[in-house]
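K.L.:
Below you'll find the structure I mean.
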Amino acid sequence: MKAVAYTHCHPATHEDALLDLVLPDLALPDAPAPRGHDLLVEVRAVSVNPVDAKLRATADPAGEPRILGFDACGVIRARGPQAHIFGDGEEVFYAGAVNRPGSNAQFHLVDERIVGRKPKNLSCAEAAAMPLTSITAWEALFDRLRLPRKDAEGAVLIIGGAGGVGSVAIQLARRLTGLRVIATASRPETREWCLQMGAHDVLDHGGDLVAQARALGVAIPWIFSTTQTLKHWRALCEIIAPQGAICAIDDLMALDIGRLKPKSASFHWEAMFARSIYGTPDIAKQHLLLNEVASMLEAGTLQHTMTRHLGRINAANLLTGHALVESGTMIGKAVAEGWE
């Protein structure tokens, strides 16, 4: 089977940063059968996430091919003995697991408990843009921050509203809560995108966030920071309402958490791979979550966030996606579809 992998850490400009490979075909009759809850998926489309670029740049596999890729949309070709949620031939979408081979391959094994049904109204490419960001945004807002789903007062602030996660978080907060949804952006095009996603207000995260937030005249008990949390930390601690909560997804090696104590405010991590890595008892919540996202996409209450089609799934095209997410200017998601 064809796959895209890397063998050493290189910058995105290096000719060997990603490689086109041919590997043993998991779909052949004599290949190892799916075990446990696994599905064997024929991959039709994948998207590029910041975690792909981060791993390629920092997690050196010492010469052994490592297949990246998390988001995928495809068709089930075989099932393990404990896989009963789906049937053969069904179309699915999912975000995979960080501790298993990735989805940038023609055939991929994934635990069905973190897989959802493909939205019927989306193409494979459009569907592949959604799983990782939807899971991350949903868990951050409703599992970590525990946003009230109705009869709520105040506002939620989303730092980095035009990125993949921010784009979905704005939509979920606007559609599923009664809160005022405030996002941040720094360019005219990203500001317009946030408004299109449903933000009531858009702040400039290149300016004085505290002054801008106070000018809105609304309490902000919840903050979801998708990027540059450390840079904005002092401002976030000033903005957060007493007894509020902040959730972040970016890597923070040092954080002055004591700034939250006077307000009895809390800090939460969101790591969407936690359930799959540790096989938590509630791992199947991601299956249910993705199915609910699929229903919202089909109903038109949620819109897909694919903004760039990279072409076929190959090393050159995926590397273009890596460069886009590393640029820090990407709006929405970049997707590759089909094999040559």
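By order of appearance in the structure tokens: chains A, B, ..., then residues from 1 within every chain, and ligands from 1 in the order shown.
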Go through range 223-257 of chain A and flag each residue having an atom no more than 12 Å from range 131-142 of chain A; for those, report the closest pair of atoms plus their distance in Å to one decimal, using only C-alpha atoms, ordered by chain and rising number, as JSON lines.

P.N.:
```
{"residue": "A:Ile223", "atom": "CA", "partner": "A:Leu141", "partner_atom": "CA", "distance": 9.0}
{"residue": "A:Phe224", "atom": "CA", "partner": "A:Ala140", "partner_atom": "CA", "distance": 7.2}
{"residue": "A:Ser225", "atom": "CA", "partner": "A:Ala140", "partner_atom": "CA", "distance": 9.5}
{"residue": "A:Thr226", "atom": "CA", "partner": "A:Ala137", "partner_atom": "CA", "distance": 9.1}
{"residue": "A:Ala245", "atom": "CA", "partner": "A:Leu141", "partner_atom": "CA", "distance": 10.4}
{"residue": "A:Ile246", "atom": "CA", "partner": "A:Ala140", "partner_atom": "CA", "distance": 9.5}
{"residue": "A:Cys247", "atom": "CA", "partner": "A:Ala140", "partner_atom": "CA", "distance": 6.6}
{"residue": "A:Ala248", "atom": "CA", "partner": "A:Ala140", "partner_atom": "CA", "distance": 8.0}
{"residue": "A:Ile249", "atom": "CA", "partner": "A:Thr136", "partner_atom": "CA", "distance": 8.3}
{"residue": "A:Asp250", "atom": "CA", "partner": "A:Thr136", "partner_atom": "CA", "distance": 11.5}
```

K.L.:
Can you write just those residues out, N, CA and C atoms, as an mmCIF file, in the first residue's frame?

P.N.:
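New file out.cif:
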```cif
data_model
loop_
_atom_site.group_PDB
_atom_site.id
_atom_site.type_symbol
_atom_site.label_atom_id
_atom_site.label_comp_id
_atom_site.auth_asym_id
_atom_site.auth_seq_id
_atom_site.Cartn_x
_atom_site.Cartn_y
_atom_site.Cartn_z
ATOM 1 N N ILE A 223 -12.620 30.929 29.331
ATOM 2 C CA ILE A 223 -11.670 31.254 28.274
ATOM 3 C C ILE A 223 -11.104 29.951 27.714
ATOM 4 N N PHE A 224 -11.139 29.824 26.404
ATOM 5 C CA PHE A 224 -10.525 28.680 25.717
ATOM 6 C C PHE A 224 -9.407 29.234 24.847
ATOM 7 N N SER A 225 -8.167 28.909 25.208
ATOM 8 C CA SER A 225 -7.003 29.410 24.480
ATOM 9 C C SER A 225 -6.441 28.317 23.580
ATOM 10 N N THR A 226 -6.485 28.529 22.273
ATOM 11 C CA THR A 226 -6.018 27.519 21.322
ATOM 12 C C THR A 226 -4.577 27.739 20.876
ATOM 13 N N ALA A 245 -12.888 29.810 34.605
ATOM 14 C CA ALA A 245 -12.016 28.703 34.209
ATOM 15 C C ALA A 245 -11.369 28.991 32.865
ATOM 16 N N ILE A 246 -10.095 28.596 32.752
ATOM 17 C CA ILE A 246 -9.335 28.737 31.512
ATOM 18 C C ILE A 246 -8.909 27.346 31.053
ATOM 19 N N CYS A 247 -9.043 27.070 29.773
ATOM 20 C CA CYS A 247 -8.581 25.811 29.199
ATOM 21 C C CYS A 247 -7.631 26.116 28.055
ATOM 22 N N ALA A 248 -6.538 25.353 27.955
ATOM 23 C CA ALA A 248 -5.550 25.558 26.891
ATOM 24 C C ALA A 248 -5.199 24.232 26.243
ATOM 25 N N ILE A 249 -4.760 24.310 24.983
ATOM 26 C CA ILE A 249 -4.352 23.101 24.259
ATOM 27 C C ILE A 249 -2.903 23.151 23.798
ATOM 28 N N ASP A 250 -2.270 24.332 23.840
ATOM 29 C CA ASP A 250 -0.887 24.412 23.362
ATOM 30 C C ASP A 250 0.076 23.991 24.459
#
```

K.L.:
Please provide the set of residues having any atom within 10 Å of Lys285 in chain A, restricted to only C-alpha atoms, with same-chain residues fewer than 4 positions apart removed, written as a PyMOL selection string.

P.N.:
chain A and resi 113-115+135+139+275+280-281+289-291

K.L.:
Using only C-alpha atoms, find each residue in range 114-191 of chain A having at least one atom no more than 9 Å away from range 68-89 of chain A; report its shortest atom-to-atom pair and that distance in Å (one decimal), rows by chain then rising number, as a Markdown table.

P.N.:
```
| residue | atom | partner | partner_atom | distance |
| --- | --- | --- | --- | --- |
| A:Arg117 | CA | A:Phe86 | CA | 8.5 |
| A:Lys118 | CA | A:Cys73 | CA | 7.2 |
| A:Cys124 | CA | A:Cys73 | CA | 5.6 |
| A:Ala125 | CA | A:Cys73 | CA | 7.4 |
| A:Glu126 | CA | A:Cys73 | CA | 9.0 |
| A:Ala127 | CA | A:Cys73 | CA | 6.4 |
| A:Ala128 | CA | A:Ala72 | CA | 4.9 |
| A:Ala129 | CA | A:Asp71 | CA | 6.9 |
| A:Met130 | CA | A:Asp71 | CA | 7.5 |
| A:Pro131 | CA | A:Asp71 | CA | 6.0 |
| A:Leu132 | CA | A:Asp71 | CA | 6.0 |
| A:Thr133 | CA | A:Asp71 | CA | 9.0 |
```

K.L.:
Taking only range 59-273 of chain A into account, list the residues labelled alpha helix (DSSP H) by DSSP (computed from the backbone), as JSON, numbers by chain.

P.N.:
{"A": [124, 125, 126, 127, 128, 131, 132, 133, 134, 135, 136, 137, 138, 164, 165, 166, 167, 168, 169, 170, 171, 172, 173, 174, 175, 176, 188, 189, 190, 191, 192, 193, 194, 195, 196, 197, 209, 210, 211, 212, 213, 214, 215, 229, 230, 231, 232, 233, 234, 235, 236, 237, 238, 239]}

K.L.:
Can you tell me how far CA of Arg56 in chain A sits from CA of Arg100 in chain A, in Å to one decimal?

P.N.:
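Answer for the CA of Arg56 in chain A to CA of Arg100 in chain A separation: 14.9 Å.
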
K.L.:
In Å, with one decimal, what is the gap from CA of Gly154 in chain A to CA of Ser167 in chain A?

P.N.:
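Interatomic distance here is 20.3 Å.
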
K.L.:
Taking into account only C-alpha atoms, which residue in the set A:Gly207, A:Pro101, A:Pro148, A:Gly311 is nearest to Trp222 in chain A?

P.N.:
A:Pro148

K.L.:
Applying 9 Å and only C-alpha atoms, which residues near Ser276 in chain A remain after dropping the ones on its own chain fewer than 6 positions away? List them as a list of chain:residue names.

P.N.:
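What passes the distance filter is A:Gly96, A:Ala97, A:Val98, A:Asn99, A:Asp111, A:Arg113, A:Ile114, A:Ile283.
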
K.L.:
Deliver the residues from the most recent selection as a file, using N, CA and C atoms, as an mmCIF file, in the first residue's frame.

P.N.:
```
data_model
loop_
_atom_site.group_PDB
_atom_site.id
_atom_site.type_symbol
_atom_site.label_atom_id
_atom_site.label_comp_id
_atom_site.auth_asym_id
_atom_site.auth_seq_id
_atom_site.Cartn_x
_atom_site.Cartn_y
_atom_site.Cartn_z
ATOM 1 N N GLY A 96 -8.049 9.363 14.867
ATOM 2 C CA GLY A 96 -6.955 8.437 15.156
ATOM 3 C C GLY A 96 -6.357 8.582 16.545
ATOM 4 N N ALA A 97 -5.161 8.021 16.697
ATOM 5 C CA ALA A 97 -4.473 8.009 17.989
ATOM 6 C C ALA A 97 -2.999 8.325 17.789
ATOM 7 N N VAL A 98 -2.418 9.073 18.716
ATOM 8 C CA VAL A 98 -1.039 9.524 18.567
ATOM 9 C C VAL A 98 -0.036 8.407 18.815
ATOM 10 N N ASN A 99 -0.448 7.332 19.475
ATOM 11 C CA ASN A 99 0.470 6.230 19.796
ATOM 12 C C ASN A 99 0.319 5.038 18.854
ATOM 13 N N ASP A 111 -9.369 2.200 16.329
ATOM 14 C CA ASP A 111 -10.356 1.712 17.290
ATOM 15 C C ASP A 111 -11.715 2.343 16.968
ATOM 16 N N ARG A 113 -14.216 2.849 18.668
ATOM 17 C CA ARG A 113 -14.814 3.653 19.733
ATOM 18 C C ARG A 113 -14.428 5.130 19.654
ATOM 19 N N ILE A 114 -13.483 5.462 18.745
ATOM 20 C CA ILE A 114 -13.142 6.867 18.524
ATOM 21 C C ILE A 114 -13.481 7.277 17.086
ATOM 22 N N ILE A 283 -13.949 5.966 26.698
ATOM 23 C CA ILE A 283 -13.345 6.199 25.389
ATOM 24 C C ILE A 283 -14.401 6.357 24.286
#
```

K.L.:
Which residues come within 9 Å of Val4 in chain A, counting only C-alpha atoms, excluding same-chain residues fewer than 6 positions away, as JSON, numbers by chain?

P.N.:
{"A": [18, 19, 20, 21, 22, 65, 66, 67, 68, 69, 104, 105, 313, 314, 315, 318]}

K.L.:
Find the residue from A:His37, A:Ala155, A:Cys194, A:Thr7 that sits nearest to Gly279 in chain A; use only C-alpha atoms when measuring.

P.N.:
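Of all the options, A:His37 lies closest to Gly279 in chain A.
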
K.L.:
Among range 272-340 of chain A, which ones does DSSP place in strand (DSSP E or B), written as a ChimeraX atom specification?

P.N.:
/A:306-311,333-337

K.L.:
Find the residue from A:His322, A:Arg308, A:Arg191, A:His268 that sits nearest to Arg144 in chain A; use only C-alpha atoms when measuring.

P.N.:
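Residue with the minimum atom-to-atom distance to Arg144 in chain A: A:His268.
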
K.L.:
Residues of range 195-261 of chain A that approach range 178-184 of chain A to 10 Å or less, counting only C-alpha atoms: could you list each one with the shortest pair of atoms and its distance in Å to one decimal, rows by chain and increasing residue number, as JSON lines?

P.N.:
```
{"residue": "A:Leu195", "atom": "CA", "partner": "A:Ala183", "partner_atom": "CA", "distance": 8.6}
{"residue": "A:Met197", "atom": "CA", "partner": "A:Ala183", "partner_atom": "CA", "distance": 10.0}
{"residue": "A:Gly198", "atom": "CA", "partner": "A:Val181", "partner_atom": "CA", "distance": 7.7}
{"residue": "A:Ala199", "atom": "CA", "partner": "A:Val181", "partner_atom": "CA", "distance": 5.1}
{"residue": "A:His200", "atom": "CA", "partner": "A:Val181", "partner_atom": "CA", "distance": 5.4}
{"residue": "A:Asp201", "atom": "CA", "partner": "A:Ile182", "partner_atom": "CA", "distance": 4.8}
{"residue": "A:Val202", "atom": "CA", "partner": "A:Ala183", "partner_atom": "CA", "distance": 4.8}
{"residue": "A:Leu203", "atom": "CA", "partner": "A:Thr184", "partner_atom": "CA", "distance": 4.6}
{"residue": "A:Asp204", "atom": "CA", "partner": "A:Thr184", "partner_atom": "CA", "distance": 5.6}
{"residue": "A:His205", "atom": "CA", "partner": "A:Thr184", "partner_atom": "CA", "distance": 5.6}
{"residue": "A:Gly206", "atom": "CA", "partner": "A:Thr184", "partner_atom": "CA", "distance": 9.0}
{"residue": "A:Leu209", "atom": "CA", "partner": "A:Thr184", "partner_atom": "CA", "distance": 8.8}
{"residue": "A:Ala213", "atom": "CA", "partner": "A:Ile182", "partner_atom": "CA", "distance": 8.9}
{"residue": "A:Leu216", "atom": "CA", "partner": "A:Ile182", "partner_atom": "CA", "distance": 9.6}
{"residue": "A:Val218", "atom": "CA", "partner": "A:Arg180", "partner_atom": "CA", "distance": 8.6}
{"residue": "A:Ala219", "atom": "CA", "partner": "A:Arg180", "partner_atom": "CA", "distance": 9.7}
{"residue": "A:Ile220", "atom": "CA", "partner": "A:Arg180", "partner_atom": "CA", "distance": 9.0}
{"residue": "A:Trp222", "atom": "CA", "partner": "A:Leu179", "partner_atom": "CA", "distance": 10.0}
{"residue": "A:Ile223", "atom": "CA", "partner": "A:Ile182", "partner_atom": "CA", "distance": 9.4}
{"residue": "A:Phe224", "atom": "CA", "partner": "A:Ala183", "partner_atom": "CA", "distance": 9.5}
{"residue": "A:Ser225", "atom": "CA", "partner": "A:Thr184", "partner_atom": "CA", "distance": 9.7}
```

K.L.:
Please, could you write that set of residues out with N, CA and C atoms as an mmCIF file, in the first residue's frame?

P.N.:
```
data_model
loop_
_atom_site.group_PDB
_atom_site.id
_atom_site.type_symbol
_atom_site.label_atom_id
_atom_site.label_comp_id
_atom_site.auth_asym_id
_atom_site.auth_seq_id
_atom_site.Cartn_x
_atom_site.Cartn_y
_atom_site.Cartn_z
ATOM 1 N N LEU A 195 -16.273 36.045 12.428
ATOM 2 C CA LEU A 195 -17.660 36.511 12.367
ATOM 3 C C LEU A 195 -18.514 35.549 11.557
ATOM 4 N N MET A 197 -18.042 32.374 11.314
ATOM 5 C CA MET A 197 -18.239 31.180 12.131
ATOM 6 C C MET A 197 -19.289 31.401 13.218
ATOM 7 N N GLY A 198 -19.598 32.662 13.535
ATOM 8 C CA GLY A 198 -20.642 32.933 14.507
ATOM 9 C C GLY A 198 -20.244 33.759 15.701
ATOM 10 N N ALA A 199 -19.038 34.276 15.752
ATOM 11 C CA ALA A 199 -18.620 35.104 16.894
ATOM 12 C C ALA A 199 -19.451 36.387 16.965
ATOM 13 N N HIS A 200 -19.864 36.754 18.169
ATOM 14 C CA HIS A 200 -20.555 38.023 18.364
ATOM 15 C C HIS A 200 -19.579 39.198 18.287
ATOM 16 N N ASP A 201 -18.387 38.984 18.838
ATOM 17 C CA ASP A 201 -17.364 40.022 18.884
ATOM 18 C C ASP A 201 -16.017 39.408 18.538
ATOM 19 N N VAL A 202 -15.138 40.214 17.951
ATOM 20 C CA VAL A 202 -13.791 39.761 17.636
ATOM 21 C C VAL A 202 -12.789 40.797 18.157
ATOM 22 N N LEU A 203 -11.896 40.352 19.038
ATOM 23 C CA LEU A 203 -10.856 41.201 19.589
ATOM 24 C C LEU A 203 -9.560 41.008 18.814
ATOM 25 N N ASP A 204 -8.713 42.005 18.849
ATOM 26 C CA ASP A 204 -7.404 41.932 18.185
ATOM 27 C C ASP A 204 -6.377 41.418 19.188
ATOM 28 N N HIS A 205 -5.916 40.158 19.009
ATOM 29 C CA HIS A 205 -4.957 39.624 19.987
ATOM 30 C C HIS A 205 -3.555 40.189 19.792
ATOM 31 N N GLY A 206 -3.396 41.090 18.827
ATOM 32 C CA GLY A 206 -2.139 41.822 18.713
ATOM 33 C C GLY A 206 -2.152 43.123 19.491
ATOM 34 N N LEU A 209 -5.586 43.180 24.955
ATOM 35 C CA LEU A 209 -6.741 42.316 25.134
ATOM 36 C C LEU A 209 -7.573 42.707 26.347
ATOM 37 N N ALA A 213 -11.459 43.663 26.108
ATOM 38 C CA ALA A 213 -12.446 42.820 26.779
ATOM 39 C C ALA A 213 -13.293 43.629 27.752
ATOM 40 N N LEU A 216 -16.205 45.641 26.370
ATOM 41 C CA LEU A 216 -17.431 44.937 26.002
ATOM 42 C C LEU A 216 -18.470 44.977 27.117
ATOM 43 N N VAL A 218 -19.040 42.871 29.641
ATOM 44 C CA VAL A 218 -19.665 41.595 29.962
ATOM 45 C C VAL A 218 -18.676 40.725 30.720
ATOM 46 N N ALA A 219 -19.191 39.983 31.706
ATOM 47 C CA ALA A 219 -18.322 39.068 32.454
ATOM 48 C C ALA A 219 -17.897 37.913 31.556
ATOM 49 N N ILE A 220 -16.633 37.485 31.716
ATOM 50 C CA ILE A 220 -16.106 36.368 30.911
ATOM 51 C C ILE A 220 -15.646 35.263 31.869
ATOM 52 N N TRP A 222 -15.401 32.084 31.165
ATOM 53 C CA TRP A 222 -14.758 30.965 30.488
ATOM 54 C C TRP A 222 -13.849 31.467 29.369
ATOM 55 N N ILE A 223 -12.620 30.929 29.331
ATOM 56 C CA ILE A 223 -11.670 31.254 28.274
ATOM 57 C C ILE A 223 -11.104 29.951 27.714
ATOM 58 N N PHE A 224 -11.139 29.824 26.404
ATOM 59 C CA PHE A 224 -10.525 28.680 25.717
ATOM 60 C C PHE A 224 -9.407 29.234 24.847
ATOM 61 N N SER A 225 -8.167 28.909 25.208
ATOM 62 C CA SER A 225 -7.003 29.410 24.480
ATOM 63 C C SER A 225 -6.441 28.317 23.580
#
```

K.L.:
Please provide as a ChimeraX atom specification all residues within 7 Å of Val110 in chain A, with the sequence filter that same-chain residues fewer than 2 positions apart are discarded (counting only C-alpha atoms).

P.N.:
/A:38-40,96,108,112

K.L.:
Restricted to C-alpha atoms, what would the selected residues look like written as a PDB file, in the first residue's frame?

P.N.:
```
ATOM      1  CA  ASP A  38     -10.212  -2.205  15.458  1.00  0.00           C
ATOM      2  CA  LEU A  39     -11.541  -1.264  12.052  1.00  0.00           C
ATOM      3  CA  LEU A  40      -9.512  -1.576   8.868  1.00  0.00           C
ATOM      4  CA  GLY A  96      -6.955   8.437  15.156  1.00  0.00           C
ATOM      5  CA  HIS A 108      -5.407   2.220   8.412  1.00  0.00           C
ATOM      6  CA  GLU A 112     -14.042   2.035  16.375  1.00  0.00           C
TER       7      GLU A 112
END
```

K.L.:
Which one is closest to Ala323 in chain A: A:Gly63, A:Pro32, A:Ser264, A:Leu310? Count only C-alpha atoms.

P.N.:
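Distance minimum relative to Ala323 in chain A lands on A:Leu310.
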